[in-house]
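**Q** Below you'll find the structure I mean.
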Amino acid sequence: MRITVVGGTGLVGTRLVRQLESADHQVAVAARATGVDIVTGTGLDRALDGAEAVIDVSSPGYADAVEMLRFFEQAGATLLAAEQAAGIAHHITFSAIGAERIGDGYYRAKRAQERLIAGSGIPFTIVRSTPLFEYIHDVIDAGRSEAEVRVPPIRVQPIATEDAARVLMQVALRAPVNAVLEVAGPNSYALPGLAQQMLTAGEDFRPVLTDADARFFGARLGEERLVSDAAVGPGETGLETWLRGALAPA
């Protein structure tokens, strides 16, 4: 197949592109680094030319809730209009478990993107994922001070990026379901305990404090559960395996 990966130079995108190319698919990478701007539409016609499916793993970052919402609304509208003109047969978007119920931060922005997709008329599959191990590491890092680390009292079921990318590839090779699928890692954890394990593995022995006001992807979540009992493709990579890879010398 010829598949366009939007955001193909990011964390998920680079792994997804590598997996697709290893399986002998033709891949077009749509990112600013390849001359494509999905907000303005610059370069999109070229990136979509001949593609049968589009996998959108783009992201503006997680620092600014207003900017996240603006990006997903503007980029979503531009990308979907270009896909309609190009006759794309299957649109796949990487979203987040919690987008259907959390009205804050990243989750609110992803829900807005999902609504655009569902109303576009393009056959689609939305893949909602539990948080990636790498993203949880970033959240922990954002909660650090000299003396401690603060994280919210949520429960998570983290998935390795490689596992999430593999599911996205599998979905792209199937017929669109015009619905939401969920993916998750093999185990769930209370975030404070998981954070302590990840810090200790990196020889950071600061205490982890539970803070209901600590942000997670720009959202205040309380005791939210970012887990799934209905994952179509549970990840195989557990915490210990992920840590060994993350802490291995470059």
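Residue names in the structure tokens use chain letters A, B, ... in the order shown, residue numbers from 1 in each chain, and ligand numbers from 1 in the order shown.
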Near Ala118 of chain A, counting only C-alpha atoms, which residues have an atom at most 9 Å away, once you skip same-chain residues fewer than 5 positions from it, shown as a VMD selection string?

**A** chain A and resid 113 123 to 124 126 178 to 179

**Q** Those same residues - all heavy atoms - I'd like them written as a short mmCIF file (atom, residue, chain, number, x, y, z; two decimals), in the first residue's frame.

**A**
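That gives us selection12.cif:
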```
data_model
loop_
_atom_site.label_atom_id
_atom_site.label_comp_id
_atom_site.auth_asym_id
_atom_site.auth_seq_id
_atom_site.Cartn_x
_atom_site.Cartn_y
_atom_site.Cartn_z
N GLN A 113 -10.93 17.10 17.49
CA GLN A 113 -10.41 16.48 16.28
C GLN A 113 -11.26 15.26 15.89
O GLN A 113 -11.58 15.07 14.71
CB GLN A 113 -8.97 16.05 16.51
CG GLN A 113 -8.30 15.41 15.30
CD GLN A 113 -6.97 14.77 15.65
OE1 GLN A 113 -6.83 14.16 16.71
NE2 GLN A 113 -5.99 14.92 14.77
N PRO A 123 -14.14 7.53 5.16
CA PRO A 123 -14.09 6.32 5.99
C PRO A 123 -12.92 6.42 6.97
O PRO A 123 -11.82 6.80 6.59
CB PRO A 123 -13.88 5.19 4.98
CG PRO A 123 -14.45 5.73 3.69
CD PRO A 123 -14.12 7.20 3.71
N PHE A 124 -13.17 6.08 8.24
CA PHE A 124 -12.16 6.35 9.26
C PHE A 124 -12.09 5.24 10.30
O PHE A 124 -13.00 4.43 10.47
CB PHE A 124 -12.47 7.68 9.96
CG PHE A 124 -13.69 7.64 10.86
CD1 PHE A 124 -13.57 7.32 12.21
CD2 PHE A 124 -14.96 7.90 10.35
CE1 PHE A 124 -14.69 7.28 13.04
CE2 PHE A 124 -16.09 7.86 11.17
CZ PHE A 124 -15.95 7.56 12.52
N ILE A 126 -10.63 5.61 14.40
CA ILE A 126 -9.97 6.37 15.46
C ILE A 126 -9.38 5.36 16.45
O ILE A 126 -10.10 4.50 16.96
CB ILE A 126 -10.95 7.31 16.17
CG1 ILE A 126 -11.42 8.41 15.20
CG2 ILE A 126 -10.31 7.93 17.42
CD1 ILE A 126 -12.57 9.24 15.73
N ASN A 178 -15.17 2.96 10.85
CA ASN A 178 -16.01 4.13 11.15
C ASN A 178 -16.40 4.15 12.62
O ASN A 178 -17.57 4.39 12.97
CB ASN A 178 -17.23 4.17 10.25
CG ASN A 178 -16.86 4.35 8.79
OD1 ASN A 178 -15.97 5.13 8.46
ND2 ASN A 178 -17.52 3.61 7.91
N ALA A 179 -15.45 3.88 13.46
CA ALA A 179 -15.68 3.79 14.90
C ALA A 179 -14.36 3.95 15.63
O ALA A 179 -13.31 4.16 15.02
CB ALA A 179 -16.33 2.45 15.24
#
```

**Q** Write out as a ChimeraX atom specification each polymer residue whose atoms come within 9 Å of segment 167-176 of chain A, counting only C-alpha atoms; drop sequence neighbours fewer than 6 positions from it.

**A** /A:1,3,16,19-20,53-55,89-94,123-125,127,183,232-235

**Q** Just write the chosen residues, N, CA, C and O atoms, as a PDB file, in the first residue's frame.

**A**
```pdb
ATOM      1  N   MET A   1       0.831  -1.202   0.000  1.00  0.00           N
ATOM      2  CA  MET A   1       0.000   0.000   0.000  1.00  0.00           C
ATOM      3  C   MET A   1       0.869   1.256   0.000  1.00  0.00           C
ATOM      4  O   MET A   1       2.021   1.226   0.438  1.00  0.00           O
ATOM      5  N   ILE A   3       0.911   4.735   1.825  1.00  0.00           N
ATOM      6  CA  ILE A   3       0.326   5.301   3.032  1.00  0.00           C
ATOM      7  C   ILE A   3       1.031   6.606   3.370  1.00  0.00           C
ATOM      8  O   ILE A   3       2.263   6.672   3.350  1.00  0.00           O
ATOM      9  N   LEU A  16       6.437   4.365  13.356  1.00  0.00           N
ATOM     10  CA  LEU A  16       5.431   3.881  12.419  1.00  0.00           C
ATOM     11  C   LEU A  16       5.987   3.825  10.998  1.00  0.00           C
ATOM     12  O   LEU A  16       5.786   2.828  10.275  1.00  0.00           O
ATOM     13  N   GLN A  19       8.317   0.866  10.647  1.00  0.00           N
ATOM     14  CA  GLN A  19       7.604  -0.410  10.590  1.00  0.00           C
ATOM     15  C   GLN A  19       6.924  -0.608   9.237  1.00  0.00           C
ATOM     16  O   GLN A  19       6.951  -1.707   8.669  1.00  0.00           O
ATOM     17  N   LEU A  20       6.321   0.439   8.710  1.00  0.00           N
ATOM     18  CA  LEU A  20       5.671   0.340   7.400  1.00  0.00           C
ATOM     19  C   LEU A  20       6.684   0.046   6.303  1.00  0.00           C
ATOM     20  O   LEU A  20       6.448  -0.811   5.438  1.00  0.00           O
ATOM     21  N   ALA A  53      -4.316   5.334   2.166  1.00  0.00           N
ATOM     22  CA  ALA A  53      -4.675   5.582   3.560  1.00  0.00           C
ATOM     23  C   ALA A  53      -3.800   6.683   4.127  1.00  0.00           C
ATOM     24  O   ALA A  53      -2.671   6.903   3.669  1.00  0.00           O
ATOM     25  N   VAL A  54      -4.331   7.364   5.130  1.00  0.00           N
ATOM     26  CA  VAL A  54      -3.594   8.397   5.857  1.00  0.00           C
ATOM     27  C   VAL A  54      -3.640   8.048   7.337  1.00  0.00           C
ATOM     28  O   VAL A  54      -4.711   7.759   7.887  1.00  0.00           O
ATOM     29  N   ILE A  55      -2.477   8.057   7.973  1.00  0.00           N
ATOM     30  CA  ILE A  55      -2.400   7.863   9.419  1.00  0.00           C
ATOM     31  C   ILE A  55      -1.916   9.169  10.030  1.00  0.00           C
ATOM     32  O   ILE A  55      -0.799   9.619   9.744  1.00  0.00           O
ATOM     33  N   ALA A  89      -9.135   6.684   0.949  1.00  0.00           N
ATOM     34  CA  ALA A  89     -10.101   5.625   1.264  1.00  0.00           C
ATOM     35  C   ALA A  89     -10.178   5.289   2.750  1.00  0.00           C
ATOM     36  O   ALA A  89     -11.139   4.638   3.182  1.00  0.00           O
ATOM     37  N   HIS A  90      -9.179   5.712   3.538  1.00  0.00           N
ATOM     38  CA  HIS A  90      -9.185   5.352   4.965  1.00  0.00           C
ATOM     39  C   HIS A  90      -8.339   6.355   5.726  1.00  0.00           C
ATOM     40  O   HIS A  90      -7.144   6.511   5.455  1.00  0.00           O
ATOM     41  N   HIS A  91      -8.961   7.020   6.671  1.00  0.00           N
ATOM     42  CA  HIS A  91      -8.258   7.964   7.540  1.00  0.00           C
ATOM     43  C   HIS A  91      -8.153   7.341   8.922  1.00  0.00           C
ATOM     44  O   HIS A  91      -9.154   6.969   9.531  1.00  0.00           O
ATOM     45  N   ILE A  92      -6.926   7.260   9.447  1.00  0.00           N
ATOM     46  CA  ILE A  92      -6.676   6.713  10.780  1.00  0.00           C
ATOM     47  C   ILE A  92      -6.066   7.813  11.631  1.00  0.00           C
ATOM     48  O   ILE A  92      -5.107   8.477  11.210  1.00  0.00           O
ATOM     49  N   THR A  93      -6.603   8.008  12.818  1.00  0.00           N
ATOM     50  CA  THR A  93      -6.063   9.015  13.732  1.00  0.00           C
ATOM     51  C   THR A  93      -5.687   8.378  15.054  1.00  0.00           C
ATOM     52  O   THR A  93      -6.422   7.550  15.595  1.00  0.00           O
ATOM     53  N   PHE A  94      -4.549   8.792  15.569  1.00  0.00           N
ATOM     54  CA  PHE A  94      -4.074   8.338  16.876  1.00  0.00           C
ATOM     55  C   PHE A  94      -4.614   9.301  17.918  1.00  0.00           C
ATOM     56  O   PHE A  94      -4.239  10.472  17.956  1.00  0.00           O
ATOM     57  N   PRO A 123     -14.145   7.526   5.156  1.00  0.00           N
ATOM     58  CA  PRO A 123     -14.086   6.323   5.990  1.00  0.00           C
ATOM     59  C   PRO A 123     -12.915   6.424   6.973  1.00  0.00           C
ATOM     60  O   PRO A 123     -11.818   6.804   6.594  1.00  0.00           O
ATOM     61  N   PHE A 124     -13.169   6.075   8.239  1.00  0.00           N
ATOM     62  CA  PHE A 124     -12.161   6.348   9.265  1.00  0.00           C
ATOM     63  C   PHE A 124     -12.089   5.240  10.303  1.00  0.00           C
ATOM     64  O   PHE A 124     -13.002   4.432  10.470  1.00  0.00           O
ATOM     65  N   THR A 125     -10.972   5.259  11.016  1.00  0.00           N
ATOM     66  CA  THR A 125     -10.810   4.510  12.255  1.00  0.00           C
ATOM     67  C   THR A 125     -10.061   5.401  13.230  1.00  0.00           C
ATOM     68  O   THR A 125      -8.994   5.925  12.894  1.00  0.00           O
ATOM     69  N   VAL A 127      -8.085   5.462  16.684  1.00  0.00           N
ATOM     70  CA  VAL A 127      -7.396   4.561  17.605  1.00  0.00           C
ATOM     71  C   VAL A 127      -7.073   5.347  18.879  1.00  0.00           C
ATOM     72  O   VAL A 127      -6.157   6.171  18.891  1.00  0.00           O
ATOM     73  N   VAL A 183      -6.394   0.848  22.324  1.00  0.00           N
ATOM     74  CA  VAL A 183      -5.164   0.086  22.536  1.00  0.00           C
ATOM     75  C   VAL A 183      -4.608   0.461  23.906  1.00  0.00           C
ATOM     76  O   VAL A 183      -4.782   1.587  24.376  1.00  0.00           O
ATOM     77  N   VAL A 232      -8.114  -3.596  21.589  1.00  0.00           N
ATOM     78  CA  VAL A 232      -8.065  -4.556  20.484  1.00  0.00           C
ATOM     79  C   VAL A 232      -6.655  -5.108  20.305  1.00  0.00           C
ATOM     80  O   VAL A 232      -6.477  -6.198  19.772  1.00  0.00           O
ATOM     81  N   GLY A 233      -5.667  -4.360  20.747  1.00  0.00           N
ATOM     82  CA  GLY A 233      -4.288  -4.801  20.560  1.00  0.00           C
ATOM     83  C   GLY A 233      -3.469  -4.505  21.788  1.00  0.00           C
ATOM     84  O   GLY A 233      -2.684  -3.559  21.803  1.00  0.00           O
ATOM     85  N   PRO A 234      -3.648  -5.274  22.879  1.00  0.00           N
ATOM     86  CA  PRO A 234      -2.867  -4.988  24.078  1.00  0.00           C
ATOM     87  C   PRO A 234      -1.376  -5.085  23.800  1.00  0.00           C
ATOM     88  O   PRO A 234      -0.920  -6.018  23.145  1.00  0.00           O
ATOM     89  N   GLY A 235      -0.643  -4.090  24.270  1.00  0.00           N
ATOM     90  CA  GLY A 235       0.796  -4.077  24.035  1.00  0.00           C
ATOM     91  C   GLY A 235       1.493  -5.218  24.747  1.00  0.00           C
ATOM     92  O   GLY A 235       1.040  -5.704  25.781  1.00  0.00           O
TER      93      GLY A 235
END
```

**Q** With distances taken over only C-alpha atoms, which residue among A:Val177, A:Leu79, A:Ala47, A:Ala160 lies nearest Leu239 of chain A?

**A**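 Of all the options, A:Ala160 lies closest to Leu239 of chain A.
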
**Q** Pull the alpha helix (DSSP H) assignments for segment 142-228 of chain A out of DSSP run on the backbone, and list those residues as a list in words.

**A**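 Answer for segment 142-228 of chain A restricted to alpha helix (DSSP H) is Ala142, Thr161, Glu162, Asp163, Ala164, Ala165, Arg166, Val167, Leu168, Met169, Gln170, Val171, Ala172, Leu191, Pro192, Gly193, Leu194, Ala195, Gln196, Gln197, Met198, Leu199, Thr200 and Ala201 of chain A.
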
**Q** Output N, CA and C atoms for every residue in the selection just made, as a compact mmCIF listing (two decimals), in the first residue's frame.

**A**
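What landed in again-v3.txt:
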```txt
# COMPACT_ATOMS: atom_id res chain seq x y z
N ALA A 142 8.02 16.98 34.14
CA ALA A 142 7.40 18.30 34.31
C ALA A 142 7.01 18.56 35.76
N THR A 161 5.65 2.82 22.70
CA THR A 161 5.42 3.46 21.41
C THR A 161 5.50 2.46 20.26
N GLU A 162 6.44 1.54 20.32
CA GLU A 162 6.57 0.53 19.26
C GLU A 162 5.30 -0.29 19.14
N ASP A 163 4.70 -0.65 20.27
CA ASP A 163 3.46 -1.44 20.26
C ASP A 163 2.31 -0.63 19.68
N ALA A 164 2.21 0.64 20.08
CA ALA A 164 1.14 1.49 19.55
C ALA A 164 1.28 1.68 18.05
N ALA A 165 2.52 1.90 17.58
CA ALA A 165 2.75 2.07 16.14
C ALA A 165 2.38 0.80 15.38
N ARG A 166 2.66 -0.35 15.95
CA ARG A 166 2.34 -1.62 15.28
C ARG A 166 0.83 -1.77 15.09
N VAL A 167 0.06 -1.36 16.11
CA VAL A 167 -1.40 -1.43 15.99
C VAL A 167 -1.89 -0.47 14.92
N LEU A 168 -1.33 0.73 14.87
CA LEU A 168 -1.73 1.69 13.83
C LEU A 168 -1.47 1.13 12.44
N MET A 169 -0.34 0.47 12.25
CA MET A 169 -0.05 -0.14 10.96
C MET A 169 -1.07 -1.22 10.64
N GLN A 170 -1.38 -2.06 11.58
CA GLN A 170 -2.35 -3.13 11.35
C GLN A 170 -3.72 -2.58 11.00
N VAL A 171 -4.12 -1.51 11.68
CA VAL A 171 -5.41 -0.88 11.39
C VAL A 171 -5.44 -0.32 9.98
N ALA A 172 -4.33 0.28 9.56
CA ALA A 172 -4.28 0.88 8.21
C ALA A 172 -4.40 -0.17 7.11
N LEU A 191 -0.40 6.08 39.11
CA LEU A 191 0.68 6.90 38.58
C LEU A 191 1.75 7.24 39.61
N PRO A 192 1.41 7.57 40.86
CA PRO A 192 2.49 7.87 41.81
C PRO A 192 3.45 6.69 42.00
N GLY A 193 2.94 5.49 42.08
CA GLY A 193 3.81 4.33 42.22
C GLY A 193 4.64 4.08 40.98
N LEU A 194 4.03 4.24 39.82
CA LEU A 194 4.77 4.07 38.57
C LEU A 194 5.88 5.12 38.46
N ALA A 195 5.55 6.35 38.81
CA ALA A 195 6.55 7.42 38.76
C ALA A 195 7.74 7.10 39.66
N GLN A 196 7.45 6.57 40.85
CA GLN A 196 8.55 6.23 41.75
C GLN A 196 9.45 5.15 41.16
N GLN A 197 8.84 4.15 40.52
CA GLN A 197 9.63 3.09 39.89
C GLN A 197 10.49 3.64 38.75
N MET A 198 9.92 4.51 37.94
CA MET A 198 10.66 5.05 36.80
C MET A 198 11.81 5.94 37.27
N LEU A 199 11.56 6.74 38.30
CA LEU A 199 12.61 7.60 38.82
C LEU A 199 13.74 6.78 39.44
N THR A 200 13.37 5.80 40.25
CA THR A 200 14.38 4.97 40.91
C THR A 200 15.23 4.24 39.89
N ALA A 201 14.60 3.76 38.80
CA ALA A 201 15.37 3.07 37.76
C ALA A 201 16.42 3.98 37.15
```

**Q** I'd like to know which of A:Phe72, A:Tyr107, A:Phe133, A:Phe217 is closest to Val12 of chain A, using only C-alpha atoms.

**A**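 Looking only at the distances to Val12 of chain A, the closest residue turns out to be A:Phe133.
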
**Q** When DSSP is applied to the backbone of this structure, which of segment 62-99 of chain A are assigned strand (DSSP E)? Write them out as a list in words.

**A** His90, His91, Ile92, Thr93, Phe94, Ser95 and Ala96 of chain A

**Q** Would you write out those residues with N, CA, C and O atoms, as a PDB file, in the first residue's frame?

**A**
```
ATOM      1  N   HIS A  90      -9.179   5.712   3.538  1.00  0.00           N
ATOM      2  CA  HIS A  90      -9.185   5.352   4.965  1.00  0.00           C
ATOM      3  C   HIS A  90      -8.339   6.355   5.726  1.00  0.00           C
ATOM      4  O   HIS A  90      -7.144   6.511   5.455  1.00  0.00           O
ATOM      5  N   HIS A  91      -8.961   7.020   6.671  1.00  0.00           N
ATOM      6  CA  HIS A  91      -8.258   7.964   7.540  1.00  0.00           C
ATOM      7  C   HIS A  91      -8.153   7.341   8.922  1.00  0.00           C
ATOM      8  O   HIS A  91      -9.154   6.969   9.531  1.00  0.00           O
ATOM      9  N   ILE A  92      -6.926   7.260   9.447  1.00  0.00           N
ATOM     10  CA  ILE A  92      -6.676   6.713  10.780  1.00  0.00           C
ATOM     11  C   ILE A  92      -6.066   7.813  11.631  1.00  0.00           C
ATOM     12  O   ILE A  92      -5.107   8.477  11.210  1.00  0.00           O
ATOM     13  N   THR A  93      -6.603   8.008  12.818  1.00  0.00           N
ATOM     14  CA  THR A  93      -6.063   9.015  13.732  1.00  0.00           C
ATOM     15  C   THR A  93      -5.687   8.378  15.054  1.00  0.00           C
ATOM     16  O   THR A  93      -6.422   7.550  15.595  1.00  0.00           O
ATOM     17  N   PHE A  94      -4.549   8.792  15.569  1.00  0.00           N
ATOM     18  CA  PHE A  94      -4.074   8.338  16.876  1.00  0.00           C
ATOM     19  C   PHE A  94      -4.614   9.301  17.918  1.00  0.00           C
ATOM     20  O   PHE A  94      -4.239  10.472  17.956  1.00  0.00           O
ATOM     21  N   SER A  95      -5.517   8.815  18.762  1.00  0.00           N
ATOM     22  CA  SER A  95      -6.147   9.658  19.771  1.00  0.00           C
ATOM     23  C   SER A  95      -5.854   9.098  21.162  1.00  0.00           C
ATOM     24  O   SER A  95      -4.941   8.296  21.326  1.00  0.00           O
ATOM     25  N   ALA A  96      -6.610   9.539  22.143  1.00  0.00           N
ATOM     26  CA  ALA A  96      -6.297   9.211  23.535  1.00  0.00           C
ATOM     27  C   ALA A  96      -7.530   8.724  24.275  1.00  0.00           C
ATOM     28  O   ALA A  96      -8.601   9.342  24.189  1.00  0.00           O
TER      29      ALA A  96
END
```

**Q** Between atom CA of Glu21 of chain A and atom CA of Gly35 of chain A, what is the distance, to one decimal in Å?

**A**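 So the answer is 20.3 Å.
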
**Q** For Gly43 of chain A, which residue out of A:Gln74, A:Gly8, A:Arg244, A:Ala82 is the nearest one, using only C-alpha atoms?

**A**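 Looking only at the distances to Gly43 of chain A, the closest residue turns out to be A:Ala82.
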
**Q** List the spatial neighbours of Ile102 of chain A as a short mmCIF file (atom, residue, chain, number, x, y, z; two decimals) with N, CA, C and O atoms, in the first residue's frame - criterion: any atom at most 10 Å away, only C-alpha atoms, same-chain residues fewer than 5 positions off excluded.

**A**
```
data_model
loop_
_atom_site.label_atom_id
_atom_site.label_comp_id
_atom_site.auth_asym_id
_atom_site.auth_seq_id
_atom_site.Cartn_x
_atom_site.Cartn_y
_atom_site.Cartn_z
N ILE A 97 -7.38 7.62 25.00
CA ILE A 97 -8.44 7.19 25.91
C ILE A 97 -8.66 8.29 26.95
O ILE A 97 -7.70 8.79 27.55
N TYR A 107 -7.09 16.34 26.07
CA TYR A 107 -8.24 15.47 25.82
C TYR A 107 -9.39 16.25 25.17
O TYR A 107 -10.07 15.73 24.28
N ARG A 108 -9.59 17.46 25.58
CA ARG A 108 -10.59 18.30 24.93
C ARG A 108 -10.22 18.55 23.47
O ARG A 108 -11.06 18.50 22.57
N ALA A 109 -8.93 18.81 23.23
CA ALA A 109 -8.47 19.07 21.86
C ALA A 109 -8.63 17.85 20.98
O ALA A 109 -9.04 17.94 19.82
N LYS A 110 -8.31 16.66 21.51
CA LYS A 110 -8.46 15.45 20.72
C LYS A 110 -9.92 15.13 20.44
O LYS A 110 -10.26 14.62 19.37
N ARG A 111 -10.79 15.44 21.37
CA ARG A 111 -12.23 15.22 21.13
C ARG A 111 -12.72 16.10 19.99
O ARG A 111 -13.52 15.66 19.15
N ALA A 219 -4.30 18.78 31.56
CA ALA A 219 -5.61 18.60 32.16
C ALA A 219 -5.50 18.31 33.65
O ALA A 219 -4.55 17.66 34.10
N ARG A 220 -6.48 18.76 34.42
CA ARG A 220 -6.57 18.41 35.84
C ARG A 220 -7.55 17.24 35.92
O ARG A 220 -8.73 17.37 35.62
N LEU A 221 -7.05 16.07 36.34
CA LEU A 221 -7.80 14.83 36.16
C LEU A 221 -8.35 14.21 37.44
O LEU A 221 -9.14 13.26 37.36
N GLU A 224 -8.91 10.12 37.76
CA GLU A 224 -9.28 9.53 36.47
C GLU A 224 -8.54 8.21 36.23
O GLU A 224 -7.42 8.01 36.70
#
```

**Q** For a quick check of understanding, using only C-alpha atoms, which of A:Glu52, A:Ala248, A:Glu236, A:Val39 has the smallest distance to Arg70 of chain A?

**A** A:Val39

**Q** Point out the residue among A:Val151, A:Leu69, A:Val139, A:Ile159 with the least atom-to-atom distance to Pro186 of chain A, counting only C-alpha atoms.

**A**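 The answer is A:Ile159, which sits nearest to Pro186 of chain A.
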
**Q** Can you pull out the residues contacting Pro153 of chain A? Cut-off 7 Å, using only C-alpha atoms, and skip same-chain residues under 5 positions away; I want them as a PyMOL selection string.

**A** chain A and resi 190-192+210-212+222-223

**Q** Could you please determine the separation between atom CA of Arg101 of chain A and atom CA of Leu11 of chain A in Å, to one decimal place?

**A**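 Interatomic distance, atom CA of Arg101 of chain A to atom CA of Leu11 of chain A: 25.3 Å.
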
**Q** If you measure from atom CA of Gly121 of chain A to atom CA of Asp37 of chain A, what distance in Å do you get, rounded to one decimal?

**A**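 That distance, rounded to one decimal, is 22.5 Å.
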
**Q** Have a look at A:Val66, A:Phe71, A:Thr14, A:Ala86 and name the one nearest to Leu48 of chain A; count only C-alpha atoms.

**A** A:Ala86
